[in-house]
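Data block for start33.pdb (PDB, C-alpha atoms):
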MODEL        1
ATOM      1  CA  ILE A   1     144.426  59.277  97.569
ATOM      2  CA  ILE A   2     146.520  57.713  94.825
ATOM      3  CA  PRO A   3     144.648  54.360  94.948
ATOM      4  CA  SER A   4     141.398  56.342  94.904
ATOM      5  CA  ILE A   5     142.445  58.165  91.729
ATOM      6  CA  GLU A   6     143.798  54.968  90.156
ATOM      7  CA  GLN A   7     140.477  53.186  90.767
ATOM      8  CA  SER A   8     138.698  56.062  89.010
ATOM      9  CA  GLU A   9     140.920  56.140  85.900
ATOM     10  CA  ASN A  10     137.935  55.185  83.735
ATOM     11  CA  MET A  11     136.618  58.721  84.407
ATOM     12  CA  GLY A  12     139.497  60.215  82.384
ATOM     13  CA  LYS A  13     140.261  63.817  83.291
ATOM     14  CA  PHE A  14     137.610  63.608  86.018
ATOM     15  CA  ALA A  15     139.393  60.743  87.824
ATOM     16  CA  PHE A  16     140.131  63.224  90.597
ATOM     17  CA  LEU A  17     136.435  63.684  91.429
ATOM     18  CA  PRO A  18     135.902  60.711  93.796
ATOM     19  CA  ALA A  19     139.171  61.579  95.579
ATOM     20  CA  PHE A  20     138.171  65.249  95.779
ATOM     21  CA  ILE A  21     134.692  64.478  97.141
ATOM     22  CA  GLY A  22     135.860  61.805  99.579
ATOM     23  CA  PHE A  23     138.734  63.980 100.805
ATOM     24  CA  TRP A  24     136.404  66.878 101.588
ATOM     25  CA  LEU A  25     133.872  64.583 103.260
ATOM     26  CA  GLY A  26     136.704  63.349 105.504
ATOM     27  CA  ILE A  27     137.805  66.919 106.311
ATOM     28  CA  LEU A  28     134.227  68.009 107.045
ATOM     29  CA  PHE A  29     133.535  64.894 109.145
ATOM     30  CA  LEU A  30     136.515  65.635 111.408
ATOM     31  CA  LEU A  31     135.612  69.318 111.501
ATOM     32  CA  LEU A  32     132.115  68.331 112.654
ATOM     33  CA  LEU A  33     133.525  66.022 115.348
ATOM     34  CA  ASP A  34     135.961  68.756 116.369
ATOM     35  CA  GLU A  35     133.059  71.185 116.838
ATOM     36  CA  THR A  36     130.640  68.781 118.579
ATOM     37  CA  ILE A  37     132.889  66.844 120.982
ATOM     38  CA  PRO A  38     134.352  68.827 123.896
ATOM     39  CA  HIS A  39     138.121  68.343 124.047
ATOM     40  CA  LEU A  40     141.378  69.946 125.084
ATOM     41  CA  HIS A  41     144.728  69.775 123.308
ATOM     42  CA  VAL A  42     147.875  69.067 125.313
ATOM     43  CA  SER A  43     149.526  72.406 124.491
ATOM     44  CA  SER A  44     146.396  74.487 125.123
ATOM     45  CA  ASN A  45     144.373  75.677 128.085
ATOM     46  CA  GLU A  46     141.348  76.646 125.991
ATOM     47  CA  THR A  47     138.764  73.944 125.307
ATOM     48  CA  GLU A  48     137.364  73.266 121.851
ATOM     49  CA  GLY A  49     133.882  72.088 121.019
ATOM     50  CA  PRO A  50     130.858  72.695 123.231
ATOM     51  CA  LYS A  51     131.543  74.282 126.606
ATOM     52  CA  VAL A  52     130.969  71.728 129.370
ATOM     53  CA  LYS A  53     132.244  71.330 132.899
ATOM     54  CA  ILE A  54     134.380  68.176 132.900
ATOM     55  CA  LYS A  55     137.888  67.452 134.158
ATOM     56  CA  ARG A  56     140.967  68.472 132.170
ATOM     57  CA  THR A  57     142.121  64.841 131.913
ATOM     58  CA  THR A  58     138.743  63.828 130.476
ATOM     59  CA  MET A  59     139.012  66.620 127.893
ATOM     60  CA  LEU A  60     142.518  65.431 126.912
ATOM     61  CA  VAL A  61     141.292  61.831 126.587
ATOM     62  CA  LEU A  62     138.416  63.032 124.371
ATOM     63  CA  ALA A  63     140.916  64.905 122.163
ATOM     64  CA  VAL A  64     143.058  61.786 121.700
ATOM     65  CA  THR A  65     139.949  59.645 121.124
ATOM     66  CA  LEU A  66     138.614  62.120 118.555
ATOM     67  CA  HIS A  67     141.839  61.966 116.595
ATOM     68  CA  ASN A  68     142.123  58.171 116.820
ATOM     69  CA  ILE A  69     138.883  57.688 114.853
ATOM     70  CA  PRO A  70     140.388  58.569 111.426
ATOM     71  CA  GLU A  71     143.407  56.384 112.168
ATOM     72  CA  GLY A  72     141.078  53.404 112.637
ATOM     73  CA  MET A  73     139.164  54.377 109.515
ATOM     74  CA  ALA A  74     142.385  54.558 107.511
ATOM     75  CA  VAL A  75     143.385  51.053 108.607
ATOM     76  CA  GLY A  76     139.867  49.744 107.880
ATOM     77  CA  VAL A  77     139.742  51.283 104.411
ATOM     78  CA  VAL A  78     143.176  49.959 103.478
ATOM     79  CA  PHE A  79     142.273  46.421 104.572
ATOM     80  CA  ALA A  80     138.900  46.712 102.795
ATOM     81  CA  GLY A  81     140.883  47.617  99.679
ATOM     82  CA  VAL A  82     143.060  44.546 100.105
ATOM     83  CA  LEU A  83     139.985  42.351 100.603
ATOM     84  CA  SER A  84     138.349  43.744  97.448
ATOM     85  CA  GLY A  85     141.365  42.704  95.377
ATOM     86  CA  LYS A  86     140.710  45.615  93.011
ATOM     87  CA  SER A  87     142.368  48.500  94.804
ATOM     88  CA  GLY A  88     146.033  47.987  94.013
ATOM     89  CA  ILE A  89     146.744  47.995  97.758
ATOM     90  CA  THR A  90     148.996  45.160  98.886
ATOM     91  CA  GLU A  91     148.758  43.206 102.118
ATOM     92  CA  MET A  92     152.254  44.427 103.030
ATOM     93  CA  GLY A  93     151.196  48.036 102.448
ATOM     94  CA  ALA A  94     148.152  47.575 104.680
ATOM     95  CA  LEU A  95     150.282  45.891 107.335
ATOM     96  CA  ALA A  96     152.904  48.666 107.168
ATOM     97  CA  LEU A  97     150.210  51.320 107.676
ATOM     98  CA  SER A  98     148.733  49.396 110.615
ATOM     99  CA  ILE A  99     152.123  48.961 112.286
ATOM    100  CA  GLY A 100     153.005  52.617 111.711
ATOM    101  CA  ILE A 101     149.773  53.811 113.304
ATOM    102  CA  ALA A 102     150.185  51.374 116.204
ATOM    103  CA  ILE A 103     153.756  52.540 116.885
ATOM    104  CA  GLN A 104     152.845  56.216 116.917
ATOM    105  CA  ASN A 105     150.099  55.425 119.454
ATOM    106  CA  PHE A 106     152.541  54.092 122.081
ATOM    107  CA  PRO A 107     153.263  57.548 123.565
ATOM    108  CA  GLU A 108     149.501  58.110 124.021
ATOM    109  CA  GLY A 109     149.341  55.116 126.354
ATOM    110  CA  ASN A 110     152.600  55.982 128.115
ATOM    111  CA  GLY A 111     152.471  56.423 131.857
ATOM    112  CA  LYS A 112     151.364  54.686 135.020
ATOM    113  CA  GLY A 113     147.961  53.620 136.231
ATOM    114  CA  LYS A 114     145.258  55.986 135.052
ATOM    115  CA  ALA A 115     147.359  57.522 132.265
ATOM    116  CA  PHE A 116     147.948  54.082 130.750
ATOM    117  CA  LEU A 117     144.269  53.139 131.135
ATOM    118  CA  TYR A 118     143.113  56.398 129.500
ATOM    119  CA  GLY A 119     145.567  55.866 126.646
ATOM    120  CA  VAL A 120     144.310  52.330 126.051
ATOM    121  CA  LEU A 121     140.645  53.383 126.252
ATOM    122  CA  SER A 122     141.118  56.320 123.872
ATOM    123  CA  GLY A 123     142.857  53.973 121.414
ATOM    124  CA  ALA A 124     140.015  51.444 121.562
ATOM    125  CA  VAL A 125     138.094  53.492 118.995
ATOM    126  CA  GLU A 126     140.688  52.633 116.345
ATOM    127  CA  PRO A 127     139.894  48.922 115.942
ATOM    128  CA  ILE A 128     136.171  49.704 116.256
ATOM    129  CA  ALA A 129     136.406  52.336 113.485
ATOM    130  CA  ALA A 130     138.503  49.922 111.400
ATOM    131  CA  VAL A 131     135.982  47.067 111.691
ATOM    132  CA  ILE A 132     133.008  49.344 110.945
ATOM    133  CA  THR A 133     134.846  50.710 107.908
ATOM    134  CA  ILE A 134     135.783  47.227 106.659
ATOM    135  CA  LEU A 135     132.167  46.061 107.042
ATOM    136  CA  ALA A 136     130.822  49.140 105.265
ATOM    137  CA  ALA A 137     133.376  48.911 102.458
ATOM    138  CA  SER A 138     132.737  45.217 101.883
ATOM    139  CA  PHE A 139     129.108  46.035 101.036
ATOM    140  CA  ILE A 140     129.910  49.144  99.008
ATOM    141  CA  ILE A 141     132.962  48.248  96.917
ATOM    142  CA  PRO A 142     132.060  50.845  94.227
ATOM    143  CA  ALA A 143     132.434  53.507  96.934
ATOM    144  CA  LEU A 144     135.991  52.421  97.749
ATOM    145  CA  PRO A 145     137.612  55.406  95.940
ATOM    146  CA  TYR A 146     135.462  57.727  98.066
ATOM    147  CA  LEU A 147     136.197  55.810 101.273
ATOM    148  CA  LEU A 148     139.944  55.772 100.607
ATOM    149  CA  SER A 149     140.029  59.522 100.087
ATOM    150  CA  PHE A 150     137.605  60.081 103.004
ATOM    151  CA  ALA A 151     140.128  58.420 105.320
ATOM    152  CA  ALA A 152     142.907  60.486 103.719
ATOM    153  CA  GLY A 153     140.959  63.703 104.298
ATOM    154  CA  ALA A 154     140.261  62.811 107.918
ATOM    155  CA  MET A 155     143.929  61.945 108.502
ATOM    156  CA  MET A 156     145.058  65.147 106.758
ATOM    157  CA  TYR A 157     142.795  67.166 109.056
ATOM    158  CA  VAL A 158     144.383  65.596 112.128
ATOM    159  CA  VAL A 159     147.936  65.970 110.802
ATOM    160  CA  VAL A 160     147.551  69.615 109.853
ATOM    161  CA  GLU A 161     145.659  70.616 112.982
ATOM    162  CA  GLU A 162     147.957  68.746 115.380
ATOM    163  CA  LEU A 163     151.396  68.831 113.779
ATOM    164  CA  VAL A 164     151.523  72.331 112.357
ATOM    165  CA  PRO A 165     151.453  74.447 115.546
ATOM    166  CA  GLU A 166     150.667  77.718 113.800
ATOM    167  CA  MET A 167     147.479  76.171 112.341
ATOM    168  CA  ALA A 168     146.134  75.396 115.813
ATOM    169  CA  GLU A 169     146.895  78.773 117.393
ATOM    170  CA  GLY A 170     144.270  81.376 118.070
ATOM    171  CA  LYS A 171     140.513  81.343 118.086
ATOM    172  CA  HIS A 172     140.081  80.532 114.363
ATOM    173  CA  SER A 173     142.370  77.475 114.162
ATOM    174  CA  ASN A 174     140.041  75.607 111.777
ATOM    175  CA  TRP A 175     140.497  78.181 108.999
ATOM    176  CA  GLY A 176     144.166  77.330 108.522
ATOM    177  CA  THR A 177     143.308  73.642 108.271
ATOM    178  CA  ILE A 178     140.476  74.285 105.808
ATOM    179  CA  PHE A 179     142.594  76.495 103.555
ATOM    180  CA  PHE A 180     145.440  73.960 103.633
ATOM    181  CA  ALA A 181     142.944  71.294 102.480
ATOM    182  CA  LEU A 182     141.612  73.642  99.792
ATOM    183  CA  GLY A 183     145.114  74.241  98.427
ATOM    184  CA  PHE A 184     145.854  70.524  98.532
ATOM    185  CA  THR A 185     142.716  69.592  96.583
ATOM    186  CA  VAL A 186     143.241  72.345  94.015
ATOM    187  CA  MET A 187     146.749  71.015  93.302
ATOM    188  CA  MET A 188     145.488  67.406  93.204
ATOM    189  CA  THR A 189     142.721  68.372  90.779
ATOM    190  CA  LEU A 190     145.098  70.274  88.491
ATOM    191  CA  ASP A 191     147.620  67.413  88.560
ATOM    192  CA  VAL A 192     145.043  64.827  87.468
ATOM    193  CA  ALA A 193     142.912  66.989  85.133
ATOM    194  CA  LEU A 194     145.848  68.570  83.323
ATOM    195  CA  GLY A 195     148.060  65.475  83.431
TER
ENDMDL
END
Translate the structure described by the file into structure tokens.
Amino acid sequence: IIPSIEQSENMGKFAFLPAFIGFWLGILFLLLLDETIPHLHVSSNETEGPKVKIKRTTMLVLAVTLHNIPEGMAVGVVFAGVLSGKSGITEMGALALSIGIAIQNFPEGNGKGKAFLYGVLSGAVEPIAAVITILAASFIIPALPYLLSFAAGAMMYVVVEELVPEMAEGKHSNWGTIFFALGFTVMMTLDVALG
């Protein structure tokens, strides 16, 4: 988000706008995926998304896959920023993000046989999402502030929904995530607009 705002400094008090728009597009994109892809969270017995009759393990793999997409996008956007040379993102920063995301994925592939295979397959979307994002960003460098904040919004959605247990409880778990994002963007907007 910070590189997104920094790249938009020429907009003055409205430098928050690309970050605000991109952030919300990222939140809404993950919300859409969350609603359209059937999946099951590890700590839950109730499926999310469309109701279909598939195995529990398949639903868990879909949940991990769904949440790996923004991780790949984040890596792709950061490397696209490095390649553009105008983002203020360093190669070491991009490498640190990539290593951090890779390390936190190890537990997803932990296990024997099928569990390991499912973990590897669900993680395969990350490099695919990264490459697609890099290719898209290389053609649309002016959109980089939006893409950076889009990846941030998507990652924020995953973090809030998965790591704050109270947000994911109950039938209306998306509302907590949405209102968290709303509060975040209001504070970001006030910080930039009011200096």
Residues in the PyMOL selection byres ((chain A and resi 25) around 10), expressed as a VMD selection string: chain A and resid 19 to 24 26 to 31 146 to 147 149 to 154
Run through the PyMOL selection byres ((chain A and resi 129) around 8) on the given coordinates and return the selected residues as an mmCIF file with C-alpha atoms, in the frame of the given file.
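Writing done, so here's out-v9.cif:
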data_model
loop_
_atom_site.group_PDB
_atom_site.id
_atom_site.type_symbol
_atom_site.label_atom_id
_atom_site.label_comp_id
_atom_site.auth_asym_id
_atom_site.auth_seq_id
_atom_site.Cartn_x
_atom_site.Cartn_y
_atom_site.Cartn_z
ATOM 1 C CA ILE A 69 138.883 57.688 114.853
ATOM 2 C CA PRO A 70 140.388 58.569 111.426
ATOM 3 C CA GLY A 72 141.078 53.404 112.637
ATOM 4 C CA MET A 73 139.164 54.377 109.515
ATOM 5 C CA GLY A 76 139.867 49.744 107.880
ATOM 6 C CA VAL A 125 138.094 53.492 118.995
ATOM 7 C CA GLU A 126 140.688 52.633 116.345
ATOM 8 C CA PRO A 127 139.894 48.922 115.942
ATOM 9 C CA ILE A 128 136.171 49.704 116.256
ATOM 10 C CA ALA A 130 138.503 49.922 111.400
ATOM 11 C CA VAL A 131 135.982 47.067 111.691
ATOM 12 C CA ILE A 132 133.008 49.344 110.945
ATOM 13 C CA THR A 133 134.846 50.710 107.908
#
Interatomic distance (Å, one decimal) between atom CA of A:Glu9 and atom CA of A:Ile101: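 Distance reported for this atom pair: 28.9 Å.
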From A:Val158, A:Ile103, A:Leu144, A:Leu33, residue lying nearest A:Val82 [only C-alpha atoms]: A:Leu144
Residue contacts of A:Glu6 (10 Å, all atoms listed in the file) excluding same-chain residues fewer than 2 positions away, as number ranges by chain: A: 1-4, 8-11, 15-16, 19, 87-88, 145
Just to be explicit: take each residue in the selection above, keep C-alpha atoms, and write the result as a PDB file, keeping the file's coordinate frame.
ATOM      1  CA  ILE A   1     144.426  59.277  97.569  1.00  0.00           C
ATOM      2  CA  ILE A   2     146.520  57.713  94.825  1.00  0.00           C
ATOM      3  CA  PRO A   3     144.648  54.360  94.948  1.00  0.00           C
ATOM      4  CA  SER A   4     141.398  56.342  94.904  1.00  0.00           C
ATOM      5  CA  SER A   8     138.698  56.062  89.010  1.00  0.00           C
ATOM      6  CA  GLU A   9     140.920  56.140  85.900  1.00  0.00           C
ATOM      7  CA  ASN A  10     137.935  55.185  83.735  1.00  0.00           C
ATOM      8  CA  MET A  11     136.618  58.721  84.407  1.00  0.00           C
ATOM      9  CA  ALA A  15     139.393  60.743  87.824  1.00  0.00           C
ATOM     10  CA  PHE A  16     140.131  63.224  90.597  1.00  0.00           C
ATOM     11  CA  ALA A  19     139.171  61.579  95.579  1.00  0.00           C
ATOM     12  CA  SER A  87     142.368  48.500  94.804  1.00  0.00           C
ATOM     13  CA  GLY A  88     146.033  47.987  94.013  1.00  0.00           C
ATOM     14  CA  PRO A 145     137.612  55.406  95.940  1.00  0.00           C
TER      15      PRO A 145
END
Result set, the PyMOL selection byres ((chain A and resi 60-67) around 8) on current file, as an MDAnalysis selection string: chainID A and resid 33:34 37:42 56:59 68:71 108 118:119 122:123 125 158
Counting all atoms listed in the file, the option among A:Val160, A:Ile134, A:Leu121, A:Val186 closest to A:Asn174: A:Val160
When you look at A:Leu97 with a cut-off of 9 Å (counting only C-alpha atoms), what residues show up, excluding the ones that are within fewer than 4 positions of it in the same chain? I need them as a JSON list (two decimals) with C-alpha atoms, keeping the file's coordinate frame.
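Written out: out-v8.json:
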[["chain", "number", "residue", "atom", "x", "y", "z"],
["A", 74, "ALA", "CA", 142.38, 54.56, 107.51],
["A", 75, "VAL", "CA", 143.38, 51.05, 108.61],
["A", 78, "VAL", "CA", 143.18, 49.96, 103.48],
["A", 92, "MET", "CA", 152.25, 44.43, 103.03],
["A", 93, "GLY", "CA", 151.20, 48.04, 102.45],
["A", 101, "ILE", "CA", 149.77, 53.81, 113.30],
["A", 102, "ALA", "CA", 150.18, 51.37, 116.20]]
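Atom CA of A:Ile5 is positioned 10.3 Å from atom CA of A:Thr189.
Interatomic distance, atom CA of A:Glu48 against atom CA of A:Leu117: 23.2 Å.
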Contact residues around stretch 177-184 of chain A with only C-alpha atoms at 7 Å, ignoring same-chain residues under 3 positions, as a VMD selection string: chain A and resid 157 160 to 161 167 174 187 to 188
Would you compute, for all listed atoms of stretch 67-73 of chain A, the axis-aligned bounding box grown by 4 Å on each side, and then report its centre and edge lengths in Å rounded to one decimal, as AutoDock Vina command-line options?
--center_x 141.1 --center_y 57.7 --center_z 113.2 --size_x 12.5 --size_y 16.6 --size_z 15.3
